[in-house]
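Participant: Structure supplied as entry_27.cif; contents: mmCIF, C-alpha atoms.
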```
data_structure
loop_
_atom_site.label_atom_id
_atom_site.label_comp_id
_atom_site.auth_asym_id
_atom_site.auth_seq_id
_atom_site.Cartn_x
_atom_site.Cartn_y
_atom_site.Cartn_z
CA MET A 16 104.70 229.96 232.67
CA LYS A 17 104.42 233.66 231.95
CA ILE A 18 106.83 234.89 229.33
CA ARG A 19 106.68 238.63 228.73
CA VAL A 20 107.76 239.92 225.35
CA SER A 21 108.00 243.66 224.87
CA PRO A 22 106.71 245.09 221.57
CA ILE A 23 110.26 246.25 220.72
CA ALA A 24 111.57 242.70 221.25
CA TRP A 25 108.69 241.38 219.15
CA GLY A 26 109.61 243.74 216.33
CA ILE A 27 113.26 242.71 216.35
CA ILE A 28 112.56 238.97 216.65
CA ALA A 29 109.72 238.93 214.11
CA GLY A 30 111.60 241.12 211.62
CA SER A 31 114.67 238.91 211.90
CA ILE A 32 112.69 235.66 211.56
CA LEU A 33 110.85 236.92 208.49
CA VAL A 34 113.94 238.13 206.62
CA LEU A 35 116.19 235.21 207.64
CA THR A 36 113.54 232.66 206.68
CA GLU A 37 113.32 234.14 203.22
CA VAL A 38 117.09 234.33 202.79
CA PHE A 39 118.18 230.99 204.24
CA PHE A 40 115.19 228.84 203.31
CA ASP A 41 114.56 230.53 199.98
CA PHE A 42 110.96 231.26 200.89
CA SER A 43 109.98 233.24 197.82
CA PRO A 44 108.64 234.40 195.35
CA PRO A 45 107.00 236.73 196.03
CA SER A 46 109.48 238.52 198.26
CA ALA A 47 108.54 239.66 201.76
CA TYR A 48 105.94 236.93 201.92
CA VAL A 49 106.86 234.96 205.04
CA LEU A 50 104.15 236.72 207.01
CA CYS A 51 100.90 237.98 205.59
CA LEU A 52 97.86 236.65 207.36
CA SER A 53 95.47 237.94 204.68
CA CYS A 54 97.44 236.54 201.74
CA HIS A 55 98.27 233.24 203.44
CA LEU A 56 94.64 232.74 204.44
CA ARG A 57 93.67 233.46 200.83
CA ASP A 58 96.26 230.96 199.61
CA LEU A 59 95.03 228.30 202.02
CA ILE A 60 91.36 228.77 201.12
CA ASN A 61 92.11 228.99 197.40
CA THR A 62 94.23 225.82 197.53
CA LEU A 63 91.44 223.97 199.33
CA VAL A 64 88.78 225.25 196.92
CA SER A 65 90.89 224.41 193.86
CA GLU A 66 91.67 220.93 195.19
CA ASN A 67 88.10 220.13 196.14
CA SER A 68 86.09 221.73 193.38
CA GLY A 69 86.36 222.18 189.67
CA THR A 70 87.00 225.91 190.03
CA TYR A 71 90.56 227.18 189.96
CA PHE A 72 91.31 229.96 192.43
CA PRO A 73 94.74 231.56 191.95
CA VAL A 74 97.43 231.42 194.62
CA SER A 75 100.81 233.08 195.00
CA ASN A 76 103.86 231.30 193.57
CA ILE A 77 105.15 229.90 196.84
CA ALA A 78 101.72 228.49 197.65
CA ASN A 79 102.20 226.09 194.74
CA TYR A 80 104.95 224.47 196.81
CA ALA A 81 103.53 224.82 200.30
CA LEU A 82 100.27 224.52 202.15
CA MET A 83 100.05 227.91 203.82
CA LEU A 84 98.92 226.91 207.27
CA THR A 85 100.00 230.26 208.71
CA SER A 86 96.57 231.46 209.79
CA PRO A 87 95.42 228.37 211.74
CA LEU A 88 98.85 227.80 213.27
CA PHE A 89 99.16 231.45 214.25
CA ILE A 90 95.92 230.99 216.18
CA VAL A 91 97.28 227.78 217.74
CA GLY A 92 100.50 229.60 218.76
CA SER A 93 98.44 232.35 220.34
CA LEU A 94 96.19 229.76 222.01
CA ILE A 95 99.19 228.00 223.56
CA ALA A 96 100.58 231.34 224.80
CA SER A 97 97.26 232.43 226.26
CA ILE A 98 96.72 229.09 228.03
CA LEU A 99 100.26 229.13 229.46
CA GLY A 100 99.79 232.75 230.51
CA GLY A 101 96.39 232.03 232.07
CA GLU A 102 94.67 234.47 229.73
CA PHE A 103 92.49 232.08 227.76
CA LYS A 104 88.84 232.87 228.22
CA ILE A 105 86.01 232.35 225.78
CA ILE A 106 84.17 235.62 225.29
CA LYS A 107 80.92 235.55 223.33
CA ALA A 108 80.74 237.61 220.18
CA ALA A 109 79.18 241.00 220.85
CA LYS A 110 79.04 242.30 217.28
CA PRO A 111 79.31 239.32 214.91
CA PHE A 112 77.74 240.90 211.85
CA ARG A 113 79.89 244.02 212.04
CA MET A 114 83.01 241.89 212.48
CA LEU A 115 82.05 239.88 209.38
CA ILE A 116 81.89 243.13 207.41
CA TYR A 117 85.21 244.38 208.79
CA GLY A 118 86.84 241.04 208.02
CA ALA A 119 85.42 241.06 204.50
CA THR A 120 86.68 244.62 203.95
CA PHE A 121 90.11 243.65 205.21
CA MET A 122 90.28 240.64 202.94
CA LEU A 123 89.11 242.61 199.92
CA THR A 124 91.86 245.21 200.35
CA GLY A 125 94.31 242.44 201.25
CA ILE A 126 93.63 240.55 198.02
CA LEU A 127 93.69 243.65 195.87
CA PHE A 128 96.85 245.18 197.31
CA PHE A 129 98.75 242.02 198.27
CA GLY A 130 98.99 242.44 201.99
CA CYS A 131 97.72 243.06 205.47
CA PRO A 132 99.09 246.05 207.45
CA GLY A 133 101.88 243.81 208.77
CA ARG A 134 102.99 242.94 205.27
CA PHE A 135 102.76 246.56 204.16
CA PHE A 136 105.29 247.45 206.85
CA LEU A 137 107.35 244.38 205.96
CA ARG A 138 107.37 245.40 202.30
CA ALA A 139 108.16 248.99 203.28
CA GLY A 140 111.19 247.65 205.17
CA TYR A 141 112.21 245.81 201.98
CA GLY A 142 112.07 249.10 200.09
CA ASP A 143 109.00 248.22 198.04
CA ILE A 144 107.30 251.38 196.83
CA TYR A 145 103.86 249.72 196.97
CA GLY A 146 104.52 248.63 200.53
CA ILE A 147 105.49 252.18 201.47
CA ALA A 148 102.32 253.49 199.79
CA GLY A 149 100.18 250.92 201.63
CA ALA A 150 101.81 251.64 204.99
CA ALA A 151 101.39 255.38 204.40
CA GLY A 152 97.73 254.75 203.59
CA VAL A 153 97.22 252.77 206.80
CA ILE A 154 98.86 255.58 208.82
CA ALA A 155 96.82 258.24 207.01
CA GLY A 156 93.56 256.34 207.55
CA ILE A 157 94.17 255.88 211.24
CA PHE A 158 95.25 259.47 211.79
CA ALA A 159 92.30 260.84 209.83
CA VAL A 160 89.78 258.79 211.79
CA THR A 161 91.34 259.53 215.19
CA LYS A 162 91.47 263.26 214.35
CA ILE A 163 87.78 263.23 213.39
CA TYR A 164 86.98 261.22 216.50
CA LYS A 165 88.89 263.67 218.72
CA GLN A 166 87.15 266.67 217.16
CA LEU A 167 83.72 265.09 217.57
CA SER A 168 84.40 264.10 221.16
CA THR A 169 85.52 267.62 222.16
CA ARG A 170 82.36 269.24 220.81
CA MET B 14 109.71 220.34 198.53
CA ILE B 15 106.07 220.91 199.50
CA PHE B 16 106.73 219.37 202.88
CA LYS B 17 109.79 221.56 203.49
CA TYR B 18 108.05 224.89 202.86
CA THR B 19 104.92 223.82 204.73
CA VAL B 20 106.98 222.89 207.79
CA ILE B 21 108.94 226.16 207.65
CA ILE B 22 105.87 228.37 207.43
CA SER B 23 104.10 226.32 210.11
CA ILE B 24 106.96 226.77 212.58
CA VAL B 25 107.21 230.49 211.81
CA ALA B 26 103.45 230.88 212.33
CA LEU B 27 103.49 229.01 215.63
CA VAL B 28 106.42 231.03 216.98
CA LEU B 29 105.04 234.38 215.84
CA GLY B 30 101.56 233.51 217.13
CA PHE B 31 103.06 232.74 220.52
CA LEU B 32 105.20 235.90 220.61
CA SER B 33 102.40 238.12 219.32
CA GLN B 34 100.11 236.98 222.12
CA ARG B 35 102.78 237.62 224.74
CA SER B 36 103.61 241.07 223.37
CA ARG B 37 100.03 242.16 222.48
CA MET B 38 101.45 243.47 219.25
CA CYS B 39 99.09 245.13 216.81
CA PHE B 40 100.14 247.29 213.88
CA ILE B 41 96.95 249.31 213.80
CA GLY B 42 96.69 249.38 217.59
CA GLY B 43 100.17 250.90 217.81
CA LEU B 44 99.29 253.75 215.48
CA ARG B 45 95.86 254.21 217.08
CA ASP B 46 97.26 254.42 220.62
CA TRP B 47 99.84 256.94 219.53
CA ALA B 48 97.38 259.09 217.59
CA LEU B 49 94.68 258.92 220.24
CA ILE B 50 96.44 259.05 223.59
CA GLY B 51 100.15 259.42 222.82
CA GLU B 52 100.98 255.88 224.02
CA LYS B 53 104.09 254.67 222.18
CA SER B 54 104.55 251.13 223.47
CA LEU B 55 103.01 249.25 220.53
CA LEU B 56 104.28 251.86 218.10
CA SER B 57 107.83 251.09 219.22
CA GLY B 58 107.19 247.47 218.18
CA LEU B 59 106.09 248.59 214.75
CA ILE B 60 109.13 250.84 214.34
CA SER B 61 111.58 248.20 215.59
CA PHE B 62 109.98 245.70 213.19
CA ALA B 63 110.32 247.97 210.14
CA LEU B 64 113.85 249.03 211.13
CA THR B 65 115.00 245.44 211.67
CA VAL B 66 113.64 244.40 208.29
CA TRP B 67 115.19 247.45 206.62
CA ILE B 68 118.65 246.87 208.16
CA LEU B 69 118.68 243.13 207.46
CA THR B 70 117.44 243.45 203.91
CA SER B 71 120.01 246.19 203.25
CA VAL B 72 122.76 243.85 204.45
CA PHE B 73 121.45 240.92 202.42
CA TYR B 74 120.90 243.08 199.35
CA SER B 75 124.57 244.13 199.51
CA PHE B 76 125.59 240.44 199.53
CA GLU B 77 123.02 239.73 196.81
CA LEU B 78 121.33 237.17 199.00
CA ILE B 79 117.96 238.72 198.30
CA ASP B 80 116.71 239.37 194.80
CA THR B 81 117.92 242.92 194.14
CA SER B 82 114.89 243.91 192.14
CA VAL B 83 112.39 245.63 194.39
CA PRO B 84 109.99 243.00 195.75
CA GLU B 85 106.50 242.90 194.31
CA ILE B 86 107.48 245.15 191.43
CA GLY B 87 105.65 243.92 188.42
CA GLU B 88 103.16 242.06 190.58
CA PRO B 89 100.24 244.12 189.29
CA VAL B 90 101.00 242.81 185.84
CA GLY B 91 102.40 239.52 187.09
CA ASN B 92 101.17 236.11 188.06
CA ILE B 93 98.30 236.82 190.35
CA MET B 94 96.68 239.40 188.15
CA SER B 95 97.17 237.44 184.96
CA SER B 96 95.34 234.62 186.69
CA PHE B 97 92.51 237.01 187.51
CA ILE B 98 92.02 238.13 184.00
CA GLY B 99 92.78 234.79 182.40
CA GLN B 100 95.64 235.81 180.13
CA GLU B 101 99.36 235.36 180.29
CA SER B 102 100.25 239.01 180.41
CA ILE B 103 98.67 242.35 179.81
CA ALA B 104 99.12 243.60 176.26
CA ALA B 105 102.18 245.78 175.74
CA GLU B 106 100.20 248.89 174.83
CA GLU B 107 98.00 248.57 177.86
CA LYS B 108 101.05 247.96 180.02
CA ALA B 109 102.70 251.09 178.65
CA SER B 110 99.64 253.13 179.45
CA LEU B 111 99.54 251.76 182.98
CA VAL B 112 103.09 252.06 184.08
CA VAL B 113 106.08 254.33 184.33
CA PHE B 114 109.39 252.67 183.59
CA LEU B 115 112.23 253.50 185.93
CA GLY B 116 115.80 252.34 186.36
CA SER B 117 118.39 250.98 183.99
CA ALA B 118 117.79 248.86 180.94
CA ASP B 119 118.83 245.65 182.65
CA ASN B 120 116.45 246.32 185.48
CA ASP B 121 112.94 245.42 184.52
CA ALA B 122 111.51 247.28 187.49
CA ILE B 123 108.12 248.64 186.66
CA ILE B 124 106.37 251.17 188.82
CA SER B 125 102.65 251.59 188.28
CA VAL B 126 101.70 255.04 189.54
CA ARG B 127 98.05 254.11 189.37
CA PHE B 128 98.67 251.07 191.54
CA ILE B 129 100.61 253.18 194.06
CA ILE B 130 97.63 255.52 194.39
CA PHE B 131 95.19 252.63 194.70
CA THR B 132 97.44 250.94 197.27
CA PHE B 133 97.49 254.15 199.30
CA ILE B 134 93.69 254.30 199.18
CA GLY B 135 93.53 250.59 200.06
CA GLY B 136 95.78 251.29 203.04
CA ILE B 137 93.39 254.01 204.20
CA VAL B 138 90.43 251.61 203.95
CA MET B 139 92.41 248.96 205.81
CA GLY B 140 93.34 251.43 208.54
CA ILE B 141 89.72 252.48 209.03
CA ALA B 142 88.43 248.87 209.00
CA GLY B 143 91.16 247.87 211.45
CA LEU B 144 90.27 250.74 213.77
CA ALA B 145 86.59 249.80 213.65
CA ALA B 146 87.41 246.13 214.33
CA ASN B 147 89.75 247.15 217.15
CA GLY B 148 92.87 245.60 215.67
CA CYS B 149 94.65 244.47 212.55
CA VAL B 150 94.38 240.95 211.15
CA LEU B 151 97.39 239.83 213.22
CA ARG B 152 95.68 241.01 216.41
CA GLN B 153 92.40 239.35 215.38
CA HIS B 154 94.22 236.01 215.09
CA VAL B 155 95.76 236.53 218.52
CA LEU B 156 92.40 237.48 220.04
CA LEU B 157 90.79 234.38 218.56
CA GLY B 158 93.54 232.32 220.16
CA GLN B 159 92.63 233.98 223.46
CA GLY B 160 88.98 232.97 223.03
CA GLN B 161 87.49 236.19 221.66
CA MET B 162 84.64 235.03 219.43
CA ASP B 163 84.25 238.40 217.70
CA SER B 164 87.57 237.68 216.01
CA LEU B 165 86.23 234.36 214.75
CA PHE B 166 83.56 236.28 212.84
CA PHE B 167 86.24 238.64 211.51
CA ILE B 168 88.16 235.69 210.07
CA ILE B 169 84.97 234.06 208.75
CA GLY B 170 84.24 237.39 207.03
CA MET B 171 87.69 237.22 205.43
CA ILE B 172 87.08 233.68 204.17
CA ILE B 173 83.65 234.56 202.77
CA MET B 174 85.06 237.61 200.98
CA ASP B 175 87.90 235.54 199.52
CA ILE B 176 85.45 233.12 197.93
CA ILE B 177 83.06 235.87 196.79
CA PHE B 178 85.94 237.83 195.31
CA TYR B 179 87.28 235.01 193.16
CA LEU B 180 83.82 233.91 192.11
CA PHE B 181 82.23 237.25 191.30
CA LEU B 182 84.23 240.39 192.00
CA TYR B 183 87.64 240.01 190.42
CA LYS B 184 86.63 241.45 187.05
CA ILE B 185 85.07 244.52 188.64
CA PHE B 186 88.13 245.22 190.77
CA SER B 187 90.65 244.58 188.02
CA ILE B 188 90.46 248.34 187.31
CA VAL B 189 92.88 248.99 190.17
CA TYR B 190 95.64 247.39 188.12
#
```
As structure tokens, how would this structure be written, given the file I've shared?

Facilitator:
Amino acid sequence: MKIRVSPIAWGIIAGSILVLTEVFFDFSPPSAYVLCLSCHLRDLINTLVSENSGTYFPVSNIANYALMLTSPLFIVGSLIASILGGEFKIIKAAKPFRMLIYGATFMLTGILFFGCPGRFFLRAGYGDIYGIAGAAGVIAGIFAVTKIYKQLSTR
Amino acid sequence: MIFKYTVIISIVALVLGFLSQRSRMCFIGGLRDWALIGEKSLLSGLISFALTVWILTSVFYSFELIDTSVPEIGEPVGNIMSSFIGQESIAAEEKASLVVFLGSADNDAIISVRFIIFTFIGGIVMGIAGLAANGCVLRQHVLLGQGQMDSLFFIIGMIIMDIIFYLFLYKIFSIVY
């Protein structure tokens, strides 16, 4: 079963799901929080740590009322899609240590600024000034690096 | 109540995980492809996503179905941060030095210019890390679902940093607020 979803369709469907879930199921506070893989992973880990150790790790408000299983179930959803599409293939890690560092960097910025790139764009769509700043930063970072890369490669 | 929200977020995650794998969507990949080779396919997904959210929230704002205060406003001095620093709220003087007050008197919207600048810088760091890792966190989850073990290490790195941050780093980084 091969279902093709264009990126435009993904944007419309995902955007609609995220806003409608918040509105009709009252999934807040904080607002614009239905999808953030960094924050939800933080909430899940922090809930587990707080429950199983004496140390309290803070979570967002909504995580007091829900176990944020977003990250593992997102992987399961992707796993189902890749198996159905015949694209599942285990590929050994080529650069594990570097990926650990990148992941750690991502999480650090995610915790500090309340979002992954997806949530920055979600928050920007909500009209949140911090979301717009974060999304602008992501765009600026990518354009700066690609410009440098292009200049170096043409030398 | 706990069950309801857990079920909702689980269904949303499953559906979006499925759709993201089928569409190969990546926020950073979309911008990278456009900047590097002029390919706009993934970028169109990003734009349609932001536009859909903007249109829907505008409609729901007008019907007051979404909280009309700007989301996340006040978060730097709100719950999460007060948990970091172990106090209920930042002292009024400190708050006044941190923030610029905008809007009408009945609107308690608080804009922290410092936090905007730091968020912009954080976005830059995130963009660079995402480029180096060949995809944003959404794409890394999708790639792990496809069997890419590099992405497993990315997510393990995230988990390790989360624990290290709350054990050791939160006081150092509280300067961004």

Participant: Using only C-alpha atoms, which residue out of B:Val72, B:Phe62, B:Leu44, B:Lys184 lies closest to chain A?

Facilitator: B:Phe62

Participant: Given the file shown, enumerate the residues that the PyMOL selection byres ((chain B and resi 54) around 10) captures and present them as a PyMOL selection string.

Facilitator: (chain A and resi 21-23) or (chain B and resi 38+42-44+46-47+51-53+55-59)

Participant: Select all residues near (107.5, 235.7, 204.9) (cut-off 9 Å, inclusive, file coordinates), counting all atoms listed in the file, and output them as a PyMOL selection string.

Facilitator: (chain A and resi 32-34+36-37+42-43+45-51+134+137) or (chain B and resi 22+25)

Participant: For this file, the PyMOL selection byres ((chain A) within 6 of (chain B)) selects which residues, as an MDAnalysis selection string?

Facilitator: chainID A and resid 19:23 26:27 30 46 80:82 84:85 88:90 92:94 96:97 103:108 111 114:115 117:119 121:122 124 128 140:141 143 145 148:149 152:153 156:157

Participant: Just the number, please: distance in Å from CA of Ile185 (chain B) to CA of Ile60 (chain A), one decimal.

Facilitator: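 Pair CA of Ile185 (chain B) / CA of Ile60 (chain A) returns 21.1 Å.
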
Participant: In Å, how far is it from CA of Thr70 (chain A) to CA of Phe181 (chain B)?

Facilitator: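 If I compute the distance from CA of Thr70 (chain A) to CA of Phe181 (chain B), I get 12.4 Å.
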
Participant: Quote the spacing between CA of Ile116 (chain A) and CA of Ile163 (chain A) in Å to one decimal place.

Facilitator: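 A separation of 21.8 Å between them.
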
Participant: Hey, which of A:Ala29, A:Ala159, A:Val64, A:Leu59 ends up closest to Ala78 (chain A)? Count all atoms listed in the file.

Facilitator: A:Leu59

Participant: Any idea what's packed within 8 Å of Val74 (chain A), counting all atoms listed in the file, ignoring anything in its chain fewer than 2 positions away? Could you give it as a list of chain:residue names?

Facilitator: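 Contacts, in chain order: A:Arg57, A:Asp58, A:Asn61, A:Thr62, A:Phe72, A:Asn76, A:Ala78, A:Asn79, B:Ile93.
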
Participant: Would you mind telling me which residue in A:Ile144, A:Ala109, A:Tyr164, A:Pro44 lies nearest to Ser75 (chain A) when using all atoms listed in the file?

Facilitator: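 Nearest to Ser75 (chain A): A:Pro44.
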